[in-house]
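Engineer: Sharing my_file20.cif, mmCIF, C-alpha atoms:
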data_target
#
loop_
_atom_site.label_atom_id
_atom_site.label_comp_id
_atom_site.auth_asym_id
_atom_site.auth_seq_id
_atom_site.Cartn_x
_atom_site.Cartn_y
_atom_site.Cartn_z
CA MET A 19 0.00 0.00 0.00
CA SER A 20 0.93 3.67 -0.12
CA GLY A 21 -0.87 6.75 1.09
CA ARG A 22 -1.12 9.27 3.89
CA ILE A 23 -0.08 7.78 7.21
CA LEU A 24 -0.73 9.50 10.53
CA VAL A 25 2.28 8.86 12.79
CA PHE A 26 1.14 9.69 16.33
CA GLY A 27 4.24 10.18 18.45
CA GLY A 28 6.32 10.79 15.32
CA ALA A 29 8.64 13.31 17.00
CA GLY A 30 10.04 10.69 19.37
CA TYR A 31 13.05 8.40 19.06
CA ILE A 32 11.44 5.50 17.21
CA GLY A 33 8.69 7.59 15.63
CA SER A 34 11.13 9.92 13.88
CA HIS A 35 12.93 6.95 12.33
CA VAL A 36 9.57 5.51 11.22
CA VAL A 37 8.77 8.82 9.52
CA LYS A 38 12.12 8.79 7.69
CA SER A 39 11.49 5.23 6.49
CA LEU A 40 8.04 6.18 5.21
CA LEU A 41 9.39 9.22 3.39
CA GLY A 42 11.97 7.02 1.66
CA ASN A 43 9.30 4.57 0.49
CA CYS A 44 6.73 6.78 -1.27
CA TYR A 45 4.43 7.33 1.71
CA GLU A 46 3.14 10.68 2.93
CA PRO A 47 3.54 10.74 6.73
CA ILE A 48 1.64 13.28 8.80
CA VAL A 49 3.18 13.60 12.25
CA ALA A 50 1.11 14.32 15.38
CA ASP A 51 2.89 14.80 18.70
CA ASN A 52 2.40 16.84 21.87
CA LEU A 53 6.19 17.40 22.11
CA SER A 54 6.25 16.52 25.82
CA PHE A 55 9.16 14.18 25.08
CA GLY A 56 9.59 14.36 21.30
CA HIS A 57 11.62 16.91 19.38
CA ARG A 58 10.26 19.05 16.55
CA GLN A 59 13.78 19.00 15.03
CA ALA A 60 13.48 15.21 14.67
CA VAL A 61 10.47 15.48 12.34
CA LEU A 62 11.78 15.27 8.77
CA THR A 63 8.56 16.53 7.18
CA ASP A 64 6.63 19.80 7.22
CA GLU A 65 3.40 17.88 7.78
CA PHE A 66 3.29 18.32 11.56
CA GLU A 67 0.31 18.76 13.88
CA GLN A 68 0.59 19.41 17.61
CA ALA A 69 -1.97 17.12 19.22
CA ASP A 70 -2.45 15.22 22.45
CA LEU A 71 -4.05 11.82 23.00
CA LEU A 72 -5.99 13.18 25.99
CA ASP A 73 -7.39 16.09 23.97
CA VAL A 74 -10.10 14.54 21.79
CA ARG A 75 -10.72 17.75 19.87
CA SER A 76 -7.06 17.99 18.87
CA ILE A 77 -7.15 14.40 17.55
CA ASP A 78 -10.35 15.05 15.60
CA ARG A 79 -8.86 18.22 14.11
CA VAL A 80 -6.01 16.15 12.62
CA PHE A 81 -8.43 13.66 11.01
CA ASP A 82 -10.69 16.49 9.82
CA LYS A 83 -7.77 18.32 8.20
CA HIS A 84 -6.03 15.36 6.55
CA LYS A 85 -7.34 12.42 4.56
CA ILE A 86 -5.72 9.60 6.56
CA ASP A 87 -5.34 6.08 5.14
CA ALA A 88 -3.77 4.39 8.18
CA VAL A 89 -2.25 5.16 11.59
CA ILE A 90 1.03 4.26 13.27
CA HIS A 91 0.65 4.82 17.02
CA LEU A 92 3.83 5.34 19.05
CA ALA A 93 2.67 7.91 21.61
CA ALA A 94 3.04 6.58 25.16
CA PHE A 95 4.75 7.00 28.49
CA ILE A 96 7.43 4.29 28.70
CA GLN A 97 9.34 4.46 32.01
CA VAL A 98 8.77 1.30 33.99
CA GLY A 99 9.79 2.73 37.38
CA GLU A 100 7.57 5.77 36.98
CA SER A 101 4.65 3.54 36.02
CA VAL A 102 4.99 1.72 39.35
CA ALA A 103 5.14 5.00 41.28
CA ASP A 104 2.31 6.68 39.33
CA PRO A 105 0.15 4.04 37.61
CA ALA A 106 -2.75 6.47 37.10
CA LYS A 107 -0.58 8.54 34.76
CA TYR A 108 0.17 5.48 32.64
CA TYR A 109 -3.33 4.05 32.47
CA ARG A 110 -4.79 7.47 31.68
CA ASN A 111 -2.30 8.43 28.98
CA ASN A 112 -1.59 5.06 27.41
CA VAL A 113 -4.99 3.36 27.66
CA VAL A 114 -7.51 6.21 27.70
CA GLY A 115 -5.43 8.14 25.17
CA THR A 116 -5.42 5.16 22.80
CA LEU A 117 -9.20 4.78 23.18
CA ASN A 118 -9.56 8.42 22.15
CA LEU A 119 -7.42 7.80 19.07
CA LEU A 120 -9.29 4.62 18.12
CA ASP A 121 -12.68 6.29 18.50
CA SER A 122 -11.57 9.12 16.24
CA MET A 123 -10.31 6.58 13.70
CA VAL A 124 -13.62 4.71 13.74
CA GLY A 125 -15.54 7.98 13.45
CA HIS A 126 -13.49 9.00 10.41
CA GLY A 127 -13.58 5.58 8.72
CA VAL A 128 -9.88 4.76 9.19
CA LYS A 129 -9.52 1.00 9.60
CA LYS A 130 -5.78 0.25 9.82
CA ILE A 131 -3.36 0.78 12.72
CA VAL A 132 0.17 -0.33 13.59
CA PHE A 133 0.88 -0.07 17.30
CA SER A 134 4.07 0.31 19.30
CA SER A 135 3.80 -2.41 21.94
CA THR A 136 6.53 -3.91 24.13
CA ALA A 137 8.16 -7.10 25.35
CA ALA A 138 7.05 -5.94 28.82
CA ILE A 139 3.65 -7.54 28.16
CA PHE A 140 5.25 -10.95 28.76
CA GLY A 141 6.54 -10.22 32.27
CA SER A 142 9.18 -12.57 33.67
CA PRO A 143 10.04 -15.02 30.88
CA GLN A 144 9.13 -18.67 31.36
CA TYR A 145 11.39 -19.60 28.44
CA THR A 146 13.61 -17.97 25.83
CA PRO A 147 13.62 -17.04 23.06
CA ILE A 148 10.19 -15.51 23.65
CA ASP A 149 7.68 -16.25 20.92
CA GLU A 150 4.13 -14.96 20.43
CA ALA A 151 2.65 -17.97 22.29
CA HIS A 152 4.52 -17.08 25.49
CA PRO A 153 2.17 -16.36 28.44
CA LYS A 154 1.42 -12.65 28.86
CA SER A 155 1.73 -11.61 32.49
CA PRO A 156 3.10 -8.06 32.88
CA ILE A 157 4.77 -7.20 36.18
CA ASN A 158 4.39 -3.40 36.02
CA PRO A 159 1.70 -0.88 35.01
CA TYR A 160 3.60 0.09 31.85
CA GLY A 161 3.43 -3.47 30.54
CA GLN A 162 -0.15 -3.83 31.78
CA SER A 163 -1.19 -0.70 29.87
CA LYS A 164 0.25 -2.03 26.62
CA LEU A 165 -1.39 -5.44 27.05
CA MET A 166 -4.73 -3.77 27.77
CA ILE A 167 -4.40 -1.88 24.51
CA GLU A 168 -3.63 -5.06 22.57
CA ARG A 169 -6.81 -6.60 23.98
CA ILE A 170 -8.80 -3.49 23.11
CA PHE A 171 -7.58 -3.84 19.52
CA GLU A 172 -8.95 -7.38 19.37
CA ASP A 173 -12.39 -6.16 20.42
CA TYR A 174 -12.31 -3.21 18.01
CA HIS A 175 -11.32 -5.63 15.24
CA LYS A 176 -14.38 -7.80 15.92
CA ALA A 177 -16.81 -4.94 16.43
CA TYR A 178 -15.60 -2.26 13.99
CA GLY A 179 -13.39 -4.09 11.50
CA LEU A 180 -10.22 -2.39 12.71
CA SER A 181 -7.14 -4.16 11.28
CA HIS A 182 -4.22 -3.92 13.70
CA ILE A 183 -0.66 -5.13 14.12
CA ALA A 184 0.98 -4.67 17.54
CA LEU A 185 4.78 -4.71 17.31
CA ARG A 186 6.39 -5.85 20.57
CA TYR A 187 9.85 -4.33 20.72
CA PHE A 188 12.67 -5.74 22.75
CA ASN A 189 15.53 -3.21 23.32
CA ALA A 190 15.42 -0.41 20.74
CA SER A 191 18.93 0.86 20.06
CA GLY A 192 21.24 2.69 17.67
CA ALA A 193 20.60 5.71 15.48
CA ASP A 194 19.99 6.77 11.92
CA LYS A 195 23.03 5.84 9.81
CA ASP A 196 22.95 9.28 8.14
CA GLY A 197 23.21 11.07 11.50
CA GLN A 198 20.06 13.17 11.00
CA ILE A 199 18.17 11.76 13.99
CA GLY A 200 18.90 9.62 17.03
CA GLU A 201 18.17 8.91 20.66
CA SER A 202 17.65 11.92 22.93
CA HIS A 203 15.66 11.14 26.07
CA ASN A 204 15.43 13.18 29.25
CA PRO A 205 15.87 11.36 31.51
CA GLU A 206 17.79 8.71 29.60
CA THR A 207 17.11 5.14 30.72
CA HIS A 208 18.49 2.99 27.88
CA LEU A 209 21.79 1.19 28.46
CA ILE A 210 23.71 2.00 25.27
CA PRO A 211 23.34 5.81 25.45
CA LEU A 212 24.05 5.68 29.20
CA VAL A 213 27.30 3.83 28.51
CA LEU A 214 28.28 6.29 25.78
CA LYS A 215 27.48 9.28 27.98
CA ALA A 216 29.66 7.83 30.74
CA ILE A 217 32.48 7.30 28.24
CA ASN A 218 31.98 10.85 26.98
CA GLY A 219 32.16 12.31 30.49
CA GLU A 220 28.51 13.38 30.54
CA ARG A 221 27.78 11.18 33.55
CA GLU A 222 29.88 9.82 36.39
CA ASN A 223 29.46 6.13 35.61
CA VAL A 224 27.18 3.34 34.48
CA LYS A 225 25.57 1.11 37.07
CA ILE A 226 25.58 -2.64 36.50
CA PHE A 227 22.60 -3.99 38.42
CA GLY A 228 23.61 -7.50 39.44
CA SER A 229 26.67 -9.47 38.39
CA ASP A 230 25.66 -12.90 39.67
CA TYR A 231 22.96 -13.92 37.19
CA ASP A 232 22.93 -17.36 35.59
CA THR A 233 24.55 -16.07 32.39
CA PRO A 234 28.04 -16.52 30.90
CA ASP A 235 29.44 -13.34 32.50
CA GLY A 236 26.94 -12.89 35.34
CA THR A 237 25.14 -9.88 33.84
CA CYS A 238 21.70 -9.73 32.22
CA LEU A 239 21.19 -10.76 28.61
CA ARG A 240 19.01 -8.60 26.38
CA ASP A 241 18.01 -8.39 22.72
CA TYR A 242 19.14 -5.10 21.11
CA ILE A 243 17.31 -4.25 17.90
CA HIS A 244 18.40 -1.33 15.73
CA VAL A 245 15.92 1.50 15.37
CA GLU A 246 16.15 1.41 11.56
CA ASP A 247 15.11 -2.25 11.62
CA LEU A 248 12.18 -1.29 13.85
CA ALA A 249 11.24 1.51 11.44
CA GLU A 250 11.26 -0.87 8.48
CA ALA A 251 9.07 -3.32 10.42
CA HIS A 252 6.45 -0.58 10.93
CA ARG A 253 6.39 0.15 7.21
CA LEU A 254 6.08 -3.53 6.35
CA ALA A 255 3.36 -3.94 8.99
CA LEU A 256 1.28 -1.27 7.24
CA GLU A 257 1.45 -3.39 4.11
CA ALA A 258 0.53 -6.55 6.05
CA THR A 259 -2.67 -5.28 7.73
CA ASP A 260 -4.75 -6.59 4.82
CA ARG A 261 -3.71 -10.17 5.58
CA PHE A 262 -2.97 -10.25 9.33
CA SER A 263 -4.20 -8.77 12.60
CA GLY A 264 -2.45 -9.47 15.90
CA GLY A 265 0.84 -9.15 17.76
CA LEU A 266 4.38 -9.76 16.52
CA ASN A 267 7.67 -9.85 18.44
CA LEU A 268 10.52 -7.71 17.11
CA GLY A 269 14.07 -8.57 18.09
CA THR A 270 17.24 -9.97 16.58
CA GLY A 271 17.07 -13.20 18.55
CA VAL A 272 20.69 -12.54 19.59
CA PRO A 273 21.20 -12.05 23.37
CA THR A 274 23.92 -9.61 24.47
CA SER A 275 25.04 -9.06 28.08
CA VAL A 276 25.53 -5.76 29.89
CA LYS A 277 29.28 -6.40 30.08
CA GLU A 278 29.37 -7.16 26.35
CA ILE A 279 27.68 -3.82 25.61
CA ILE A 280 30.26 -2.00 27.72
CA GLY A 281 33.14 -3.90 26.11
CA ALA A 282 31.89 -3.18 22.59
CA ALA A 283 31.43 0.52 23.40
CA GLU A 284 34.95 0.72 24.80
CA LYS A 285 36.33 -0.92 21.65
CA ILE A 286 34.48 1.48 19.34
CA THR A 287 35.32 4.65 21.26
CA GLY A 288 38.81 3.69 22.40
CA LYS A 289 37.91 4.86 25.90
CA LYS A 290 37.16 3.16 29.22
CA CYS A 291 33.66 3.23 30.66
CA PRO A 292 33.49 3.98 34.40
CA VAL A 293 31.35 1.32 36.06
CA GLU A 294 29.66 0.96 39.44
CA TYR A 295 28.24 -2.39 40.55
CA ALA A 296 24.87 -2.30 42.28
CA PRO A 297 22.40 -4.88 43.61
CA ARG A 298 19.95 -6.56 41.27
CA ARG A 299 16.79 -4.61 40.46
CA GLU A 300 13.52 -6.26 41.37
CA GLY A 301 11.82 -7.74 38.32
CA ASP A 302 14.94 -7.86 36.12
CA PRO A 303 15.02 -11.32 34.46
CA SER A 304 18.41 -12.81 33.65
CA LYS A 305 17.53 -13.44 29.98
CA LEU A 306 15.12 -11.61 27.72
CA TYR A 307 15.34 -12.10 23.98
CA ALA A 308 12.97 -12.70 21.11
CA SER A 309 11.98 -15.27 18.59
CA ASN A 310 11.38 -13.24 15.44
CA GLU A 311 10.28 -16.11 13.20
CA LYS A 312 6.65 -15.01 13.00
CA ALA A 313 7.61 -11.42 12.12
CA LYS A 314 9.86 -12.76 9.37
CA GLU A 315 7.01 -14.91 8.05
CA ILE A 316 4.18 -12.35 8.26
CA LEU A 317 6.06 -9.16 7.41
CA ARG A 318 8.80 -10.67 5.23
CA TRP A 319 11.14 -8.70 7.49
CA VAL A 320 14.74 -9.55 8.34
CA PRO A 321 16.79 -7.36 10.74
CA ARG A 322 19.90 -6.00 9.03
CA TYR A 323 21.75 -4.94 12.19
CA THR A 324 22.60 -8.14 14.07
CA ASP A 325 26.15 -7.20 15.10
CA ILE A 326 26.17 -5.24 18.37
CA GLU A 327 29.30 -3.29 17.43
CA ARG A 328 27.61 -2.02 14.28
CA ILE A 329 24.60 -0.94 16.33
CA ILE A 330 26.73 0.85 18.90
CA GLN A 331 28.78 2.55 16.17
CA THR A 332 25.65 4.30 14.87
CA ALA A 333 24.73 5.34 18.42
CA TRP A 334 28.26 6.70 19.00
CA ASN A 335 28.21 8.65 15.72
CA TRP A 336 24.99 10.29 16.90
CA GLU A 337 26.18 10.84 20.48
CA LYS A 338 29.29 12.70 19.27
CA ASN A 339 27.41 14.95 16.84
CA LYS A 340 23.79 14.99 17.97
CA LYS A 341 21.66 17.93 16.91
CA PHE A 342 19.06 17.95 19.71
#
The structure given in the file should be rewritten as C-alpha cells.

Structural biologist:
Amino acid sequence: MSGRILVFGGAGYIGSHVVKSLLGNCYEPIVADNLSFGHRQAVLTDEFEQADLLDVRSIDRVFDKHKIDAVIHLAAFIQVGESVADPAKYYRNNVVGTLNLLDSMVGHGVKKIVFSSTAAIFGSPQYTPIDEAHPKSPINPYGQSKLMIERIFEDYHKAYGLSHIALRYFNASGADKDGQIGESHNPETHLIPLVLKAINGERENVKIFGSDYDTPDGTCLRDYIHVEDLAEAHRLALEATDRFSGGLNLGTGVPTSVKEIIGAAEKITGKKCPVEYAPRREGDPSKLYASNEKAKEILRWVPRYTDIERIIQTAWNWEKNKKF
C-alpha cells in the first residue's frame, strides 16, 4: 500500500525513524505529537500537527484536516519505574489516550493501525527465546497498559473491523546511519546511550545492576534491535494489515550481556567506561530475547543490524554529533 499515514508520536526516538522510512518509500507521513518528550527538530517533514491523546478535539482536528489512510501509534509514556510510582498517569495516557485515538479513527472511517507495543507484556520469561505464544503476564503498570491496549484492539477488530498489528519491541537501540536523527531522552534510561554518555564524560558512571545472574558473564542478557530495523518493520506492517491482525515480536534473537555492551562501546570509542556495581533490580530477568520467526514470516522482514558493534557505532556517531 501507499498513502497518507498518521504517525502519532512521530517526534520521538522510534517515531522519527519511522517517519524517515516512510518518506523514503513513497508514503506521505503526517506527524502528530504533543512534544512533551519528542523533538520538533526530529520530524523530517513539514506535515506536523501538535496534538495530544488526551485532547479529543485535537485528535479530531487532525483527522478532519487530513485524509488519513492508516495510523502508526507510538505515543506513550514508557518508564517502567515511573509507572509503578504513578500508575494512574500510565493508564490514563496510554490506555484512555489510545481509546480516544481509536474512536476518532472509527468515526473517520480509518480501519488500519500499527501499534508500538513492548516485550514488557510478557513479564518474567518462562522460556527464551520468547515467541508470540509465550504467556502474557506483565509485572508493572507500563506493561499492563500495553497489554490492555492489545486486547482493546482485538475487540475493536471484531466490532468495527479495525485491522491492527501490535509490534512488541525488545531493546530499541542505535541511530539513523545518516546522522540526522537519534536517541535523545530526558531522563535517559536505555543502556547504550548511558554507557556512551559515561564514556563521553557526561555522567559519572554506568551502574551494572547485578553481576551474579545465571549467564556466561553474570550480567543480564538482552536483545538489542536497531531503530532502523524497527522503522522498516512498521512500514512492512502497514502493508501486512490486509492479511494479518495481531501481535508480533521484534528482536534480533541474539542475546547480548551488559558487560558485552560496555566492552563493545569501549572498543568502538577507544575509551574506558566507568562502572559501578549495584544490587539486582527487582523484576529484572536474567535473559530476555525474542523469537522473530513469526515477524519474518508475516512481514517478510529480516533485521539488518545483528552485530552489536555495528549498532553501537551508529549510536556513537549520533552521540558525538547529535543535533538535539

Engineer: Expanded to explicit residues, what is the PyMOL selection byres ((chain A and resi 168) around 9) for this file, as a CSV table (one decimal) with C-alpha atoms, in the frame of the given file?

Structural biologist:
chain,number,residue,atom,x,y,z
A,133,PHE,CA,0.9,-0.1,17.3
A,135,SER,CA,3.8,-2.4,21.9
A,163,SER,CA,-1.2,-0.7,29.9
A,164,LYS,CA,0.2,-2.0,26.6
A,165,LEU,CA,-1.4,-5.4,27.0
A,166,MET,CA,-4.7,-3.8,27.8
A,167,ILE,CA,-4.4,-1.9,24.5
A,169,ARG,CA,-6.8,-6.6,24.0
A,170,ILE,CA,-8.8,-3.5,23.1
A,171,PHE,CA,-7.6,-3.8,19.5
A,172,GLU,CA,-9.0,-7.4,19.4
A,182,HIS,CA,-4.2,-3.9,13.7
A,183,ILE,CA,-0.7,-5.1,14.1
A,184,ALA,CA,1.0,-4.7,17.5
A,264,GLY,CA,-2.4,-9.5,15.9
A,265,GLY,CA,0.8,-9.2,17.8

Engineer: So which residues fall inside 12 Å of (27.7, 12.5, 15.1) if we count all atoms listed in the file? Mind giving them as a PyMOL selection string?

Structural biologist: chain A and resi 193-201+331-342

Engineer: Just so the selection is clear, what residues does the PyMOL selection byres ((chain A and resi 209) around 9) cover here, as a compact mmCIF listing (two decimals) with C-alpha atoms, in the frame of the given file?

Structural biologist:
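So result.txt came out as:
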# COMPACT_ATOMS: atom_id res chain seq x y z
CA SER A 191 18.93 0.86 20.06
CA GLU A 206 17.79 8.71 29.60
CA THR A 207 17.11 5.14 30.72
CA HIS A 208 18.49 2.99 27.88
CA ILE A 210 23.71 2.00 25.27
CA PRO A 211 23.34 5.81 25.45
CA LEU A 212 24.05 5.68 29.20
CA VAL A 213 27.30 3.83 28.51
CA LEU A 214 28.28 6.29 25.78
CA VAL A 224 27.18 3.34 34.48
CA VAL A 276 25.53 -5.76 29.89
CA ILE A 279 27.68 -3.82 25.61

Engineer: Applied to this file, what does the PyMOL selection byres ((chain A and resi 128) around 9) return in terms of residues, put as a VMD selection string?

Structural biologist: chain A and resid 86 to 89 120 122 to 127 129 to 131 180

Engineer: Just the residues within 10 Å of Asp73 (chain A), please, counting only C-alpha atoms, with nothing from its chain fewer than 3 positions along; format it as an MDAnalysis selection string.

Structural biologist: chainID A and resid 69:70 76:78 115 118:119

Engineer: Near Gly99 (chain A), counting only C-alpha atoms, which residues have an atom at most 12 Å away, once you skip same-chain residues fewer than 3 positions from it, shown as an mmCIF file with C-alpha atoms, in the frame of the given file?

Structural biologist:
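Writing done, so here's out-v5.cif:
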data_model
loop_
_atom_site.group_PDB
_atom_site.id
_atom_site.type_symbol
_atom_site.label_atom_id
_atom_site.label_comp_id
_atom_site.auth_asym_id
_atom_site.auth_seq_id
_atom_site.Cartn_x
_atom_site.Cartn_y
_atom_site.Cartn_z
ATOM 1 C CA PHE A 95 4.750 7.000 28.490
ATOM 2 C CA ILE A 96 7.430 4.290 28.700
ATOM 3 C CA VAL A 102 4.990 1.720 39.350
ATOM 4 C CA ALA A 103 5.140 5.000 41.280
ATOM 5 C CA ASP A 104 2.310 6.680 39.330
ATOM 6 C CA PRO A 105 0.150 4.040 37.610
ATOM 7 C CA TYR A 108 0.170 5.480 32.640
ATOM 8 C CA ILE A 157 4.770 -7.200 36.180
ATOM 9 C CA ASN A 158 4.390 -3.400 36.020
ATOM 10 C CA PRO A 159 1.700 -0.880 35.010
ATOM 11 C CA TYR A 160 3.600 0.090 31.850
ATOM 12 C CA GLY A 161 3.430 -3.470 30.540
ATOM 13 C CA THR A 207 17.110 5.140 30.720
ATOM 14 C CA ARG A 299 16.790 -4.610 40.460
ATOM 15 C CA GLU A 300 13.520 -6.260 41.370
ATOM 16 C CA GLY A 301 11.820 -7.740 38.320
ATOM 17 C CA ASP A 302 14.940 -7.860 36.120
#

Engineer: Find the residues near Lys290 (chain A): any atom within 9 Å, counting only C-alpha atoms, skip ones fewer than 6 places away on the same chain, and give them as a ChimeraX atom specification.

Structural biologist: /A:216-217,280-281,283-284

Engineer: Counting only C-alpha atoms, which residues sit no farther than 9 Å from the position (2.8, 8.1, 23.7) in the file's frame? I'd like them as a list in words.

Structural biologist: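 Result, sorted by chain then residue number: Phe26, Gly27, Gly30, Asp51, Asn52, Phe55, Asp70, Leu71, His91, Leu92, Ala93, Ala94, Phe95, Ile96, Asn111, Asn112, Gly115 and Thr116 of chain A.
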
Engineer: Figure out the distance between CA of Arg261 (chain A) and CA of Ala190 (chain A), please, to one decimal in Å.

Structural biologist: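 Pair CA of Ala190 (chain A) / CA of Arg261 (chain A) returns 26.3 Å.
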
Engineer: Report, in Å with one decimal, the straight-line distance from CA of Ser134 (chain A) to CA of Ala177 (chain A).

Structural biologist: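 Interatomic distance here is 21.7 Å.
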
Engineer: Rounded to one decimal in Å, what is the spacing between CA of Gly42 (chain A) and CA of Ile286 (chain A)?

Structural biologist: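 Between these atoms lies a distance of 29.2 Å.
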